[in-house]
Amino acid sequence: MASIKRRHQEDDHEAKKAKFSCVSDASEVKGQHQVVLNPADCDLDFKIESDGLRGSALYEQGFAYCWSGARATVGITGGKYCFGCKIISLQPVEMNDTAPDQQHLCRLGISIGDSPVGNLGETKQSFGFGGTGKFSNAGKFSDYGEKFGIGDTIVCAVNLESNPLASIGFSKNGKWLGTAIQFDAGPRGLGVVDSPLGKLRWESALFPHVLLKNVEVQLQFSVEEGLVPEEGFKPWATALDDNNALIGPTFNNVRDCEVMMMVGLPASGKSTWAKKWADQHPEKRYILLGTNLILDQMKLPGLLRKHNYGQRFDCLMDQATGIFNILLSRAATIPRNYIIDQTNVYKNARKRKLKPFVYSQKIAVVVFPRPEELQRRSAERFREMGKEVPADAVNEMLANFILPTSKNMPGSEEFFDEVIFVELDRAESQRYLDGMKRALTSESRDNLTSFSKAITAPPHVLPSSQNQGLRGVSDARQYGNPRFISEVHQENMYSPLPRFVPLHRPYESLIGETRYPGPSSHPLHSYPGSDPYSIGGHFRDSRQMGELFPREYADVAYSFPTTGPPYGTPPPRPAYQFPSNMPYGRGYASPRPRYY
């Protein structure tokens, strides 16, 4: 246990920097290394065939909307080199809501080895030419060359010898399309040419990069593989012999890999912490698994992800559940480092997700702020992103929330090697959690708690019927979650949906109390037949369906009555105003964990 904790201490940061390795001197791999697509440097849904040259992405169902990228194993630090890419087939998809010319696309180019593999042409360190006849860099798309598609071969030529600026250009079926852009590859620019090696060596080279959507491609890095080099440019594979190459990241022992699972209520700061942690540990190359990853892959050509929601957002979110489950299952077979970014408040769901990761180190990261800070963050998120969670959904998460325990703790049934609390410690978190649960169980079943109302949306957002149970599609839509109806039906196709009766008590009535019941006292914890995984993988109880859905703010099963009269609507209570002198940390927690 102590060794696992030390691995996260900053003073031991350098000692544990070995999830991936890199060969810095190309002379060490002359004649021993073939340039191929890199299985350690691609999206989870990207498939590389056995020859290492053919690549495609999953395309069934929701994956048809996803872009998927991969880089090659060898990058260059100088010289003039080129590689080819032939579109050999189109994958059959049904995308009635998407224009035909946007259904099968390929973008190819180059990128620095530490830039996001799914963002070719959308960062300053990457350059891409797409099948729509657009060239992109740093998220700026401009007309260039010609459109291309099935049967076409595109050659990407990179000149790192020209001074003072390097350049990149493309050809289509032997026809030169001209220079696409000039850029600074030196120490003041990308840091590739005549520059010291970076802390991570793949930061100091430009790698071939493809980004695909429902197409299969064949890469060409040598003449033997079908490459016809552009005049004045060498085949990419010869950079190894010229000592102008660096090798990209490779897999290491699966036992060195980590799976970090975020745990916390909606808007608690999980995604913020996860992103900061990943950014501060680039050597581990974490992959975030959750809604953000999926939506990132569902971009529209020419638009950055955060501007891509609009009218298609609901449609895309409908596809997310199946995509997440498949990505999670694939992740368990690929030795990389992962952060599962969902609420993960249900113990059974945590166990289900982690069970396939047999050999990886498993770490729970609990983000539990004080209630007033949680309320502030929720309001801030609503102002910035328009996200809200129905009060009933929050209440159900609270009722089933169990703080995770490490496997060496007495009575623990979970798989965690370590549990860290990044805000309140375990004792404080448990005290607040027990108080919130008691608020749910101690008063009228028809009243929403002030706490749950407060953290789901600002008061003016909720309709006058805010104290009613969710009765159907119209109620779901007014609460801002139009997806959950179909998702619940999908997972309960063999059993009717149970009616959910919320149990509530105003949170402010607990202020000053010091005794709280344990988690096992909640009636939902002893619900008959509560094991949701015992009948062919189908859920028997929507209360126990937790964490199925890949939304960082609501990956729970929303239960609602399908028949019968609506719940009563007593006069709403005003949200409790916490004392102004109550101490709490403002802002999101620094990603420096406490260990318990």
# chains A, B, ... in the order shown; residues from 1 in each chain; ligands from 1
call {"tool": "residues_around", "arguments": {"residues": "Thr343 in chain A", "least_positions_apart": "2", "cutoff": "6 Å", "atoms": "only C-alpha atoms", "output": "compact mmCIF listing (two decimals) with N, CA, C and O atoms, in the first residue's frame"}}
result
# COMPACT_ATOMS: atom_id res chain seq x y z
N VAL A 263 -14.82 9.35 -8.38
CA VAL A 263 -16.03 9.06 -7.60
C VAL A 263 -16.53 10.37 -7.02
O VAL A 263 -15.79 11.07 -6.32
N GLY A 264 -17.78 10.71 -7.29
CA GLY A 264 -18.33 11.93 -6.73
C GLY A 264 -19.66 12.29 -7.36
O GLY A 264 -20.03 11.78 -8.43
N LEU A 265 -20.39 13.18 -6.71
CA LEU A 265 -21.69 13.63 -7.20
C LEU A 265 -21.53 14.52 -8.43
O LEU A 265 -20.43 15.01 -8.71
N VAL A 345 -20.84 6.35 -8.14
CA VAL A 345 -21.24 6.32 -6.74
C VAL A 345 -21.81 4.97 -6.33
O VAL A 345 -21.94 4.70 -5.13
call {"tool": "atom_distance", "arguments": {"atom1": "CA of Gly79 in chain A", "atom2": "CA of Phe207 in chain A"}}
result
13.3 Å
call {"tool": "residues_around", "arguments": {"residues": "Ile326 in chain A", "least_positions_apart": "5", "cutoff": "12 Å", "atoms": "only C-alpha atoms", "output": "list in words"}}
result
Leu44, Asp45, Leu58, Tyr59, Glu60, Gln61, Gly62, Phe63, Leu289, Gly290, Ile294, Gln319, Ala320, Thr321, Ala331, Ala332, Thr333, Lys353, Leu548 and Pro550 of chain A
call {"tool": "select_by_dssp", "arguments": {"residues": "range 235-402 of chain A", "states": "strand (DSSP E)", "output": "list in words"}}
result
Pro235, Ala245, Leu246, Ile247, Glu258, Val259, Met260, Met261, Met262, Val263, Ile287, Leu288, Leu289, Tyr338, Ile339, Ile340, Gln361, Lys362, Ile363, Ala364, Val365 and Val366 of chain A
call {"tool": "write_last_selection", "arguments": {"atoms": "N, CA, C and O atoms", "output": "tab-separated table (two decimals), in the first residue's frame"}}
result
chain	number	residue	atom	x	y	z
A	235	PRO	N	11.53	8.22	-48.91
A	235	PRO	CA	10.51	7.48	-48.16
A	235	PRO	C	10.71	7.65	-46.65
A	235	PRO	O	11.84	7.72	-46.17
A	245	ALA	N	15.45	10.13	-36.96
A	245	ALA	CA	14.20	9.54	-36.48
A	245	ALA	C	14.20	9.37	-34.97
A	245	ALA	O	15.24	9.19	-34.33
A	246	LEU	N	13.02	9.45	-34.41
A	246	LEU	CA	12.76	9.07	-33.03
A	246	LEU	C	11.62	8.06	-33.01
A	246	LEU	O	10.70	8.13	-33.83
A	247	ILE	N	11.67	7.15	-32.07
A	247	ILE	CA	10.63	6.13	-31.95
A	247	ILE	C	9.57	6.59	-30.97
A	247	ILE	O	9.88	7.16	-29.92
A	258	GLU	N	-2.17	1.89	-14.80
A	258	GLU	CA	-3.10	2.35	-13.77
A	258	GLU	C	-4.50	2.54	-14.35
A	258	GLU	O	-4.64	2.96	-15.50
A	259	VAL	N	-5.49	2.24	-13.53
A	259	VAL	CA	-6.87	2.61	-13.81
A	259	VAL	C	-7.34	3.46	-12.64
A	259	VAL	O	-7.49	2.96	-11.52
A	260	MET	N	-7.54	4.74	-12.89
A	260	MET	CA	-8.04	5.65	-11.86
A	260	MET	C	-9.53	5.86	-12.09
A	260	MET	O	-9.95	6.14	-13.21
A	261	MET	N	-10.31	5.70	-11.05
A	261	MET	CA	-11.77	5.86	-11.16
A	261	MET	C	-12.20	7.06	-10.33
A	261	MET	O	-12.03	7.08	-9.11
A	262	MET	N	-12.76	8.06	-10.99
A	262	MET	CA	-13.30	9.21	-10.29
A	262	MET	C	-14.60	8.81	-9.58
A	262	MET	O	-15.40	8.04	-10.12
A	263	VAL	N	-14.82	9.35	-8.38
A	263	VAL	CA	-16.03	9.06	-7.60
A	263	VAL	C	-16.53	10.37	-7.02
A	263	VAL	O	-15.79	11.07	-6.32
A	287	ILE	N	-5.70	8.03	-20.75
A	287	ILE	CA	-6.88	8.13	-21.60
A	287	ILE	C	-8.08	8.33	-20.69
A	287	ILE	O	-8.33	7.51	-19.80
A	288	LEU	N	-8.83	9.40	-20.90
A	288	LEU	CA	-10.03	9.66	-20.11
A	288	LEU	C	-11.21	8.93	-20.76
A	288	LEU	O	-11.48	9.11	-21.95
A	289	LEU	N	-11.88	8.11	-19.98
A	289	LEU	CA	-13.05	7.38	-20.44
A	289	LEU	C	-14.30	8.00	-19.83
A	289	LEU	O	-14.46	8.01	-18.61
A	338	TYR	N	-5.64	4.66	-17.67
A	338	TYR	CA	-6.98	5.17	-17.89
A	338	TYR	C	-7.49	5.93	-16.67
A	338	TYR	O	-7.12	5.64	-15.53
A	339	ILE	N	-8.35	6.91	-16.94
A	339	ILE	CA	-9.13	7.57	-15.89
A	339	ILE	C	-10.60	7.45	-16.28
A	339	ILE	O	-11.02	7.96	-17.33
A	340	ILE	N	-11.38	6.75	-15.47
A	340	ILE	CA	-12.81	6.57	-15.73
A	340	ILE	C	-13.53	7.75	-15.08
A	340	ILE	O	-13.66	7.83	-13.86
A	361	GLN	N	-3.06	-1.51	-11.75
A	361	GLN	CA	-3.24	-0.89	-10.45
A	361	GLN	C	-4.53	-0.08	-10.47
A	361	GLN	O	-4.75	0.73	-11.37
A	362	LYS	N	-5.40	-0.29	-9.50
A	362	LYS	CA	-6.72	0.33	-9.49
A	362	LYS	C	-6.81	1.33	-8.33
A	362	LYS	O	-6.61	0.96	-7.18
A	363	ILE	N	-7.13	2.58	-8.68
A	363	ILE	CA	-7.11	3.67	-7.71
A	363	ILE	C	-8.42	4.44	-7.78
A	363	ILE	O	-8.84	4.85	-8.87
A	364	ALA	N	-9.07	4.63	-6.65
A	364	ALA	CA	-10.28	5.47	-6.58
A	364	ALA	C	-9.87	6.88	-6.17
A	364	ALA	O	-9.08	7.06	-5.25
A	365	VAL	N	-10.43	7.87	-6.87
A	365	VAL	CA	-10.19	9.27	-6.55
A	365	VAL	C	-11.53	9.89	-6.17
A	365	VAL	O	-12.40	10.07	-7.03
A	366	VAL	N	-11.72	10.18	-4.89
A	366	VAL	CA	-13.00	10.68	-4.39
A	366	VAL	C	-12.94	12.21	-4.33
A	366	VAL	O	-12.06	12.78	-3.70
call {"tool": "residues_around", "arguments": {"residues": "Leu105 in chain A", "least_positions_apart": "2", "cutoff": "7 Å", "atoms": "only C-alpha atoms", "output": "ChimeraX atom specification"}}
result
/A:102-103,107,131,212-215
call {"tool": "atom_distance", "arguments": {"atom1": "CA of Asp97 in chain A", "atom2": "CA of Cys66 in chain A"}}
result
14.1 Å
call {"tool": "atom_distance", "arguments": {"atom1": "CA of Ile88 in chain A", "atom2": "CA of Gly151 in chain A"}}
result
5.7 Å
call {"tool": "closest_residue", "arguments": {"among": "A:Tyr286, A:Ser68, A:Asn253, A:Ile402", "to": "Arg350 in chain A", "atoms": "only C-alpha atoms"}}
result
A:Ile402
call {"tool": "select_by_dssp", "arguments": {"residues": "range 194-441 of chain A", "states": "helix (DSSP H, G or I)", "output": "PyMOL selection string"}}
result
chain A and resi 201-204+223-225+236-239+254-256+270-280+282-284+291-297+305-307+310-318+320-331+347-354+371-385+391-400+426-441
call {"tool": "write_last_selection", "arguments": {"atoms": "C-alpha atoms", "output": "short mmCIF file (atom, residue, chain, number, x, y, z; two decimals), in the first residue's frame"}}
result
data_model
loop_
_atom_site.label_atom_id
_atom_site.label_comp_id
_atom_site.auth_asym_id
_atom_site.auth_seq_id
_atom_site.Cartn_x
_atom_site.Cartn_y
_atom_site.Cartn_z
CA ARG A 201 11.34 12.23 -26.40
CA TRP A 202 8.35 11.84 -28.68
CA GLU A 203 7.66 15.53 -28.00
CA SER A 204 10.64 16.28 -30.26
CA VAL A 223 8.82 1.92 -51.87
CA GLU A 224 8.29 -1.80 -51.14
CA GLU A 225 4.91 -0.91 -49.65
CA TRP A 236 9.67 7.94 -44.50
CA ALA A 237 11.27 4.64 -43.49
CA THR A 238 14.73 5.82 -44.61
CA ALA A 239 14.81 8.39 -41.79
CA VAL A 254 0.42 -4.26 -17.92
CA ARG A 255 1.15 -4.50 -14.20
CA ASP A 256 2.66 -1.01 -14.40
CA LYS A 270 -14.28 15.22 -11.04
CA SER A 271 -13.63 16.10 -14.68
CA THR A 272 -11.68 19.20 -13.71
CA TRP A 273 -9.44 17.21 -11.40
CA ALA A 274 -8.99 14.37 -13.92
CA LYS A 275 -7.93 16.70 -16.70
CA LYS A 276 -5.47 18.54 -14.46
CA TRP A 277 -3.99 15.28 -13.25
CA ALA A 278 -3.57 13.97 -16.79
CA ASP A 279 -2.02 17.25 -17.94
CA GLN A 280 0.44 17.22 -15.04
CA PRO A 282 2.01 13.55 -19.58
CA GLU A 283 4.50 10.69 -19.31
CA LYS A 284 1.63 8.37 -18.35
CA THR A 291 -18.73 11.48 -21.99
CA ASN A 292 -16.06 13.95 -22.97
CA LEU A 293 -14.02 11.33 -24.80
CA ILE A 294 -17.02 10.16 -26.77
CA LEU A 295 -18.25 13.64 -27.67
CA ASP A 296 -14.73 14.62 -28.67
CA GLN A 297 -14.76 11.89 -31.27
CA ARG A 305 -15.66 19.88 -30.10
CA LYS A 306 -17.06 22.49 -27.74
CA HIS A 307 -18.84 24.23 -30.62
CA GLY A 310 -26.31 22.47 -31.09
CA GLN A 311 -29.29 20.54 -32.45
CA ARG A 312 -27.37 17.30 -32.96
CA PHE A 313 -26.34 17.02 -29.31
CA ASP A 314 -29.37 14.95 -28.25
CA CYS A 315 -28.95 12.61 -31.21
CA LEU A 316 -25.27 12.05 -30.47
CA MET A 317 -25.89 11.46 -26.77
CA ASP A 318 -28.37 8.74 -27.67
CA ALA A 320 -23.12 7.27 -26.13
CA THR A 321 -24.15 4.38 -23.86
CA GLY A 322 -23.18 1.58 -26.22
CA ILE A 323 -20.01 3.36 -27.25
CA PHE A 324 -18.83 3.78 -23.68
CA ASN A 325 -19.43 0.15 -22.75
CA ILE A 326 -17.49 -1.06 -25.79
CA LEU A 327 -14.61 1.33 -25.15
CA LEU A 328 -14.43 0.19 -21.53
CA SER A 329 -14.29 -3.47 -22.57
CA ARG A 330 -11.56 -2.71 -25.13
CA ALA A 331 -9.60 -0.72 -22.56
CA LYS A 347 -20.50 0.12 -5.49
CA ASN A 348 -21.80 -2.67 -7.71
CA ALA A 349 -21.17 -0.60 -10.83
CA ARG A 350 -17.63 0.17 -9.70
CA LYS A 351 -16.96 -3.53 -9.24
CA ARG A 352 -18.44 -4.35 -12.65
CA LYS A 353 -16.31 -1.79 -14.43
CA LEU A 354 -13.06 -2.70 -12.71
CA PRO A 371 -22.49 20.96 0.09
CA GLU A 372 -22.34 24.74 -0.26
CA GLU A 373 -19.28 24.45 -2.51
CA LEU A 374 -21.00 21.75 -4.54
CA GLN A 375 -23.96 24.08 -4.98
CA ARG A 376 -21.68 26.88 -6.17
CA ARG A 377 -19.95 24.64 -8.68
CA SER A 378 -23.23 23.33 -10.01
CA ALA A 379 -24.51 26.87 -10.58
CA GLU A 380 -21.24 27.81 -12.27
CA ARG A 381 -21.42 24.78 -14.55
CA PHE A 382 -24.98 25.63 -15.51
CA ARG A 383 -23.97 29.19 -16.43
CA GLU A 384 -21.03 28.01 -18.50
CA MET A 385 -22.35 24.82 -20.12
CA ALA A 391 -33.38 16.48 -8.66
CA ASP A 392 -34.75 12.94 -8.52
CA ALA A 393 -31.61 11.67 -10.20
CA VAL A 394 -29.40 13.43 -7.67
CA ASN A 395 -31.49 12.05 -4.81
CA GLU A 396 -31.18 8.54 -6.16
CA MET A 397 -27.44 8.88 -6.44
CA LEU A 398 -27.27 10.15 -2.87
CA ALA A 399 -29.38 7.25 -1.61
CA ASN A 400 -27.04 4.73 -3.23
CA ARG A 426 -12.85 10.18 4.44
CA ALA A 427 -14.29 11.05 7.85
CA GLU A 428 -15.65 14.42 6.73
CA SER A 429 -16.96 13.00 3.47
CA GLN A 430 -18.79 10.22 5.30
CA ARG A 431 -20.26 12.66 7.80
CA TYR A 432 -21.70 14.91 5.08
CA LEU A 433 -22.85 11.94 3.02
CA ASP A 434 -24.69 10.38 5.95
CA GLY A 435 -26.38 13.70 6.62
CA MET A 436 -27.54 13.98 3.04
CA LYS A 437 -28.90 10.44 3.12
CA ARG A 438 -30.78 11.12 6.34
CA ALA A 439 -32.28 14.16 4.65
CA LEU A 440 -33.70 11.83 2.01
CA THR A 441 -35.23 9.32 4.38
#
call {"tool": "residues_around", "arguments": {"residues": "range 46-53 of chain A", "least_positions_apart": "6", "cutoff": "6 Å", "atoms": "only C-alpha atoms", "output": "PDB file with N, CA, C and O atoms, in the first residue's frame"}}
result
ATOM      1  N   VAL A  36       5.314   1.411 -38.873  1.00  0.00           N
ATOM      2  CA  VAL A  36       3.938   0.923 -38.965  1.00  0.00           C
ATOM      3  C   VAL A  36       3.055   1.833 -38.120  1.00  0.00           C
ATOM      4  O   VAL A  36       3.535   2.725 -37.417  1.00  0.00           O
ATOM      5  N   LEU A  37       1.755   1.606 -38.168  1.00  0.00           N
ATOM      6  CA  LEU A  37       0.842   2.300 -37.259  1.00  0.00           C
ATOM      7  C   LEU A  37       1.081   1.787 -35.845  1.00  0.00           C
ATOM      8  O   LEU A  37       1.320   0.598 -35.630  1.00  0.00           O
ATOM      9  N   SER A  68     -11.595   8.672 -35.430  1.00  0.00           N
ATOM     10  CA  SER A  68     -10.623   7.880 -34.685  1.00  0.00           C
ATOM     11  C   SER A  68      -9.250   8.048 -35.329  1.00  0.00           C
ATOM     12  O   SER A  68      -9.114   7.971 -36.552  1.00  0.00           O
ATOM     13  N   GLN A 218      -4.739   2.244 -46.255  1.00  0.00           N
ATOM     14  CA  GLN A 218      -3.482   1.501 -46.320  1.00  0.00           C
ATOM     15  C   GLN A 218      -2.348   2.515 -46.345  1.00  0.00           C
ATOM     16  O   GLN A 218      -2.286   3.365 -47.225  1.00  0.00           O
ATOM     17  N   LEU A 219      -1.460   2.421 -45.344  1.00  0.00           N
ATOM     18  CA  LEU A 219      -0.330   3.346 -45.254  1.00  0.00           C
ATOM     19  C   LEU A 219       0.853   2.816 -46.046  1.00  0.00           C
ATOM     20  O   LEU A 219       1.051   1.594 -46.164  1.00  0.00           O
TER      21      LEU A 219
END
call {"tool": "closest_residue", "arguments": {"among": "A:Phe170, A:Tyr346, A:Phe221, A:Phe251", "to": "Phe135 in chain A", "atoms": "only C-alpha atoms"}}
result
A:Phe170
call {"tool": "residues_around", "arguments": {"residues": "range 191-194 of chain A", "least_positions_apart": "5", "cutoff": "7 Å", "atoms": "only C-alpha atoms", "output": "PyMOL selection string"}}
result
chain A and resi 77-78+185-186+204-205
call {"tool": "write_last_selection", "arguments": {"atoms": "N, CA and C atoms", "output": "PDB file, in the first residue's frame"}}
result
ATOM      1  N   THR A  77      13.055  14.204 -37.218  1.00  0.00           N
ATOM      2  CA  THR A  77      13.586  15.411 -36.588  1.00  0.00           C
ATOM      3  C   THR A  77      14.358  16.279 -37.567  1.00  0.00           C
ATOM      4  N   GLY A  78      14.409  15.889 -38.820  1.00  0.00           N
ATOM      5  CA  GLY A  78      15.104  16.648 -39.853  1.00  0.00           C
ATOM      6  C   GLY A  78      14.948  15.960 -41.188  1.00  0.00           C
ATOM      7  N   ALA A 185       9.789  25.012 -37.201  1.00  0.00           N
ATOM      8  CA  ALA A 185      10.057  23.734 -36.545  1.00  0.00           C
ATOM      9  C   ALA A 185      11.249  23.804 -35.612  1.00  0.00           C
ATOM     10  N   GLY A 186      11.824  24.998 -35.441  1.00  0.00           N
ATOM     11  CA  GLY A 186      13.013  25.155 -34.625  1.00  0.00           C
ATOM     12  C   GLY A 186      12.726  25.326 -33.151  1.00  0.00           C
ATOM     13  N   SER A 204       9.633  15.610 -29.429  1.00  0.00           N
ATOM     14  CA  SER A 204      10.637  16.279 -30.258  1.00  0.00           C
ATOM     15  C   SER A 204      10.683  15.739 -31.676  1.00  0.00           C
ATOM     16  N   ALA A 205       9.600  15.159 -32.162  1.00  0.00           N
ATOM     17  CA  ALA A 205       9.564  14.623 -33.524  1.00  0.00           C
ATOM     18  C   ALA A 205       8.167  14.792 -34.107  1.00  0.00           C
TER      19      ALA A 205
END
call {"tool": "decode", "arguments": {"residues": "range 333-357 of chain A", "atoms": "N, CA and C atoms", "output": "PDB file, in the first residue's frame"}}
result
ATOM      1  N   THR A 333      -8.326  -4.711 -22.351  1.00  0.00           N
ATOM      2  CA  THR A 333      -7.422  -5.589 -23.093  1.00  0.00           C
ATOM      3  C   THR A 333      -6.200  -4.862 -23.635  1.00  0.00           C
ATOM      4  N   ILE A 334      -6.124  -3.538 -23.435  1.00  0.00           N
ATOM      5  CA  ILE A 334      -5.027  -2.741 -23.980  1.00  0.00           C
ATOM      6  C   ILE A 334      -4.250  -2.125 -22.823  1.00  0.00           C
ATOM      7  N   PRO A 335      -2.974  -2.454 -22.667  1.00  0.00           N
ATOM      8  CA  PRO A 335      -2.207  -2.006 -21.494  1.00  0.00           C
ATOM      9  C   PRO A 335      -1.804  -0.535 -21.572  1.00  0.00           C
ATOM     10  N   ARG A 336      -2.736   0.318 -21.153  1.00  0.00           N
ATOM     11  CA  ARG A 336      -2.476   1.752 -21.090  1.00  0.00           C
ATOM     12  C   ARG A 336      -3.027   2.281 -19.763  1.00  0.00           C
ATOM     13  N   ASN A 337      -2.854   3.554 -19.523  1.00  0.00           N
ATOM     14  CA  ASN A 337      -3.331   4.172 -18.285  1.00  0.00           C
ATOM     15  C   ASN A 337      -4.651   4.880 -18.537  1.00  0.00           C
ATOM     16  N   TYR A 338      -5.638   4.664 -17.669  1.00  0.00           N
ATOM     17  CA  TYR A 338      -6.983   5.169 -17.889  1.00  0.00           C
ATOM     18  C   TYR A 338      -7.491   5.933 -16.668  1.00  0.00           C
ATOM     19  N   ILE A 339      -8.354   6.907 -16.942  1.00  0.00           N
ATOM     20  CA  ILE A 339      -9.128   7.573 -15.893  1.00  0.00           C
ATOM     21  C   ILE A 339     -10.600   7.447 -16.280  1.00  0.00           C
ATOM     22  N   ILE A 340     -11.380   6.749 -15.474  1.00  0.00           N
ATOM     23  CA  ILE A 340     -12.813   6.574 -15.731  1.00  0.00           C
ATOM     24  C   ILE A 340     -13.532   7.747 -15.083  1.00  0.00           C
ATOM     25  N   ASP A 341     -14.017   8.639 -15.914  1.00  0.00           N
ATOM     26  CA  ASP A 341     -14.558   9.912 -15.432  1.00  0.00           C
ATOM     27  C   ASP A 341     -16.075   9.889 -15.480  1.00  0.00           C
ATOM     28  N   GLN A 342     -16.677   9.309 -14.451  1.00  0.00           N
ATOM     29  CA  GLN A 342     -18.122   9.297 -14.251  1.00  0.00           C
ATOM     30  C   GLN A 342     -18.389   9.502 -12.758  1.00  0.00           C
ATOM     31  N   THR A 343     -19.678   9.513 -12.370  1.00  0.00           N
ATOM     32  CA  THR A 343     -19.954   9.711 -10.953  1.00  0.00           C
ATOM     33  C   THR A 343     -19.530   8.495 -10.132  1.00  0.00           C
ATOM     34  N   ASN A 344     -19.759   7.279 -10.627  1.00  0.00           N
ATOM     35  CA  ASN A 344     -19.275   6.053  -9.985  1.00  0.00           C
ATOM     36  C   ASN A 344     -19.620   5.971  -8.501  1.00  0.00           C
ATOM     37  N   VAL A 345     -20.839   6.353  -8.140  1.00  0.00           N
ATOM     38  CA  VAL A 345     -21.237   6.323  -6.738  1.00  0.00           C
ATOM     39  C   VAL A 345     -21.809   4.967  -6.327  1.00  0.00           C
ATOM     40  N   TYR A 346     -22.140   4.113  -7.278  1.00  0.00           N
ATOM     41  CA  TYR A 346     -22.722   2.807  -6.987  1.00  0.00           C
ATOM     42  C   TYR A 346     -21.613   1.769  -6.838  1.00  0.00           C
ATOM     43  N   LYS A 347     -21.575   1.081  -5.735  1.00  0.00           N
ATOM     44  CA  LYS A 347     -20.498   0.118  -5.487  1.00  0.00           C
ATOM     45  C   LYS A 347     -20.535  -1.020  -6.498  1.00  0.00           C
ATOM     46  N   ASN A 348     -21.709  -1.565  -6.773  1.00  0.00           N
ATOM     47  CA  ASN A 348     -21.798  -2.675  -7.714  1.00  0.00           C
ATOM     48  C   ASN A 348     -21.305  -2.276  -9.095  1.00  0.00           C
ATOM     49  N   ALA A 349     -21.624  -1.052  -9.518  1.00  0.00           N
ATOM     50  CA  ALA A 349     -21.172  -0.597 -10.831  1.00  0.00           C
ATOM     51  C   ALA A 349     -19.656  -0.427 -10.855  1.00  0.00           C
ATOM     52  N   ARG A 350     -19.088   0.061  -9.763  1.00  0.00           N
ATOM     53  CA  ARG A 350     -17.629   0.174  -9.696  1.00  0.00           C
ATOM     54  C   ARG A 350     -16.975  -1.196  -9.851  1.00  0.00           C
ATOM     55  N   LYS A 351     -17.531  -2.178  -9.163  1.00  0.00           N
ATOM     56  CA  LYS A 351     -16.964  -3.530  -9.244  1.00  0.00           C
ATOM     57  C   LYS A 351     -17.096  -4.089 -10.653  1.00  0.00           C
ATOM     58  N   ARG A 352     -18.236  -3.846 -11.282  1.00  0.00           N
ATOM     59  CA  ARG A 352     -18.443  -4.353 -12.646  1.00  0.00           C
ATOM     60  C   ARG A 352     -17.438  -3.742 -13.616  1.00  0.00           C
ATOM     61  N   LYS A 353     -17.220  -2.456 -13.498  1.00  0.00           N
ATOM     62  CA  LYS A 353     -16.314  -1.792 -14.432  1.00  0.00           C
ATOM     63  C   LYS A 353     -14.864  -2.213 -14.237  1.00  0.00           C
ATOM     64  N   LEU A 354     -14.463  -2.424 -12.992  1.00  0.00           N
ATOM     65  CA  LEU A 354     -13.059  -2.701 -12.710  1.00  0.00           C
ATOM     66  C   LEU A 354     -12.691  -4.172 -12.805  1.00  0.00           C
ATOM     67  N   LYS A 355     -13.663  -5.044 -12.755  1.00  0.00           N
ATOM     68  CA  LYS A 355     -13.359  -6.479 -12.724  1.00  0.00           C
ATOM     69  C   LYS A 355     -12.483  -6.931 -13.889  1.00  0.00           C
ATOM     70  N   PRO A 356     -12.691  -6.438 -15.132  1.00  0.00           N
ATOM     71  CA  PRO A 356     -11.840  -6.911 -16.235  1.00  0.00           C
ATOM     72  C   PRO A 356     -10.387  -6.444 -16.143  1.00  0.00           C
ATOM     73  N   PHE A 357     -10.112  -5.386 -15.374  1.00  0.00           N
ATOM     74  CA  PHE A 357      -8.750  -4.867 -15.276  1.00  0.00           C
ATOM     75  C   PHE A 357      -7.995  -5.654 -14.208  1.00  0.00           C
TER      76      PHE A 357
END
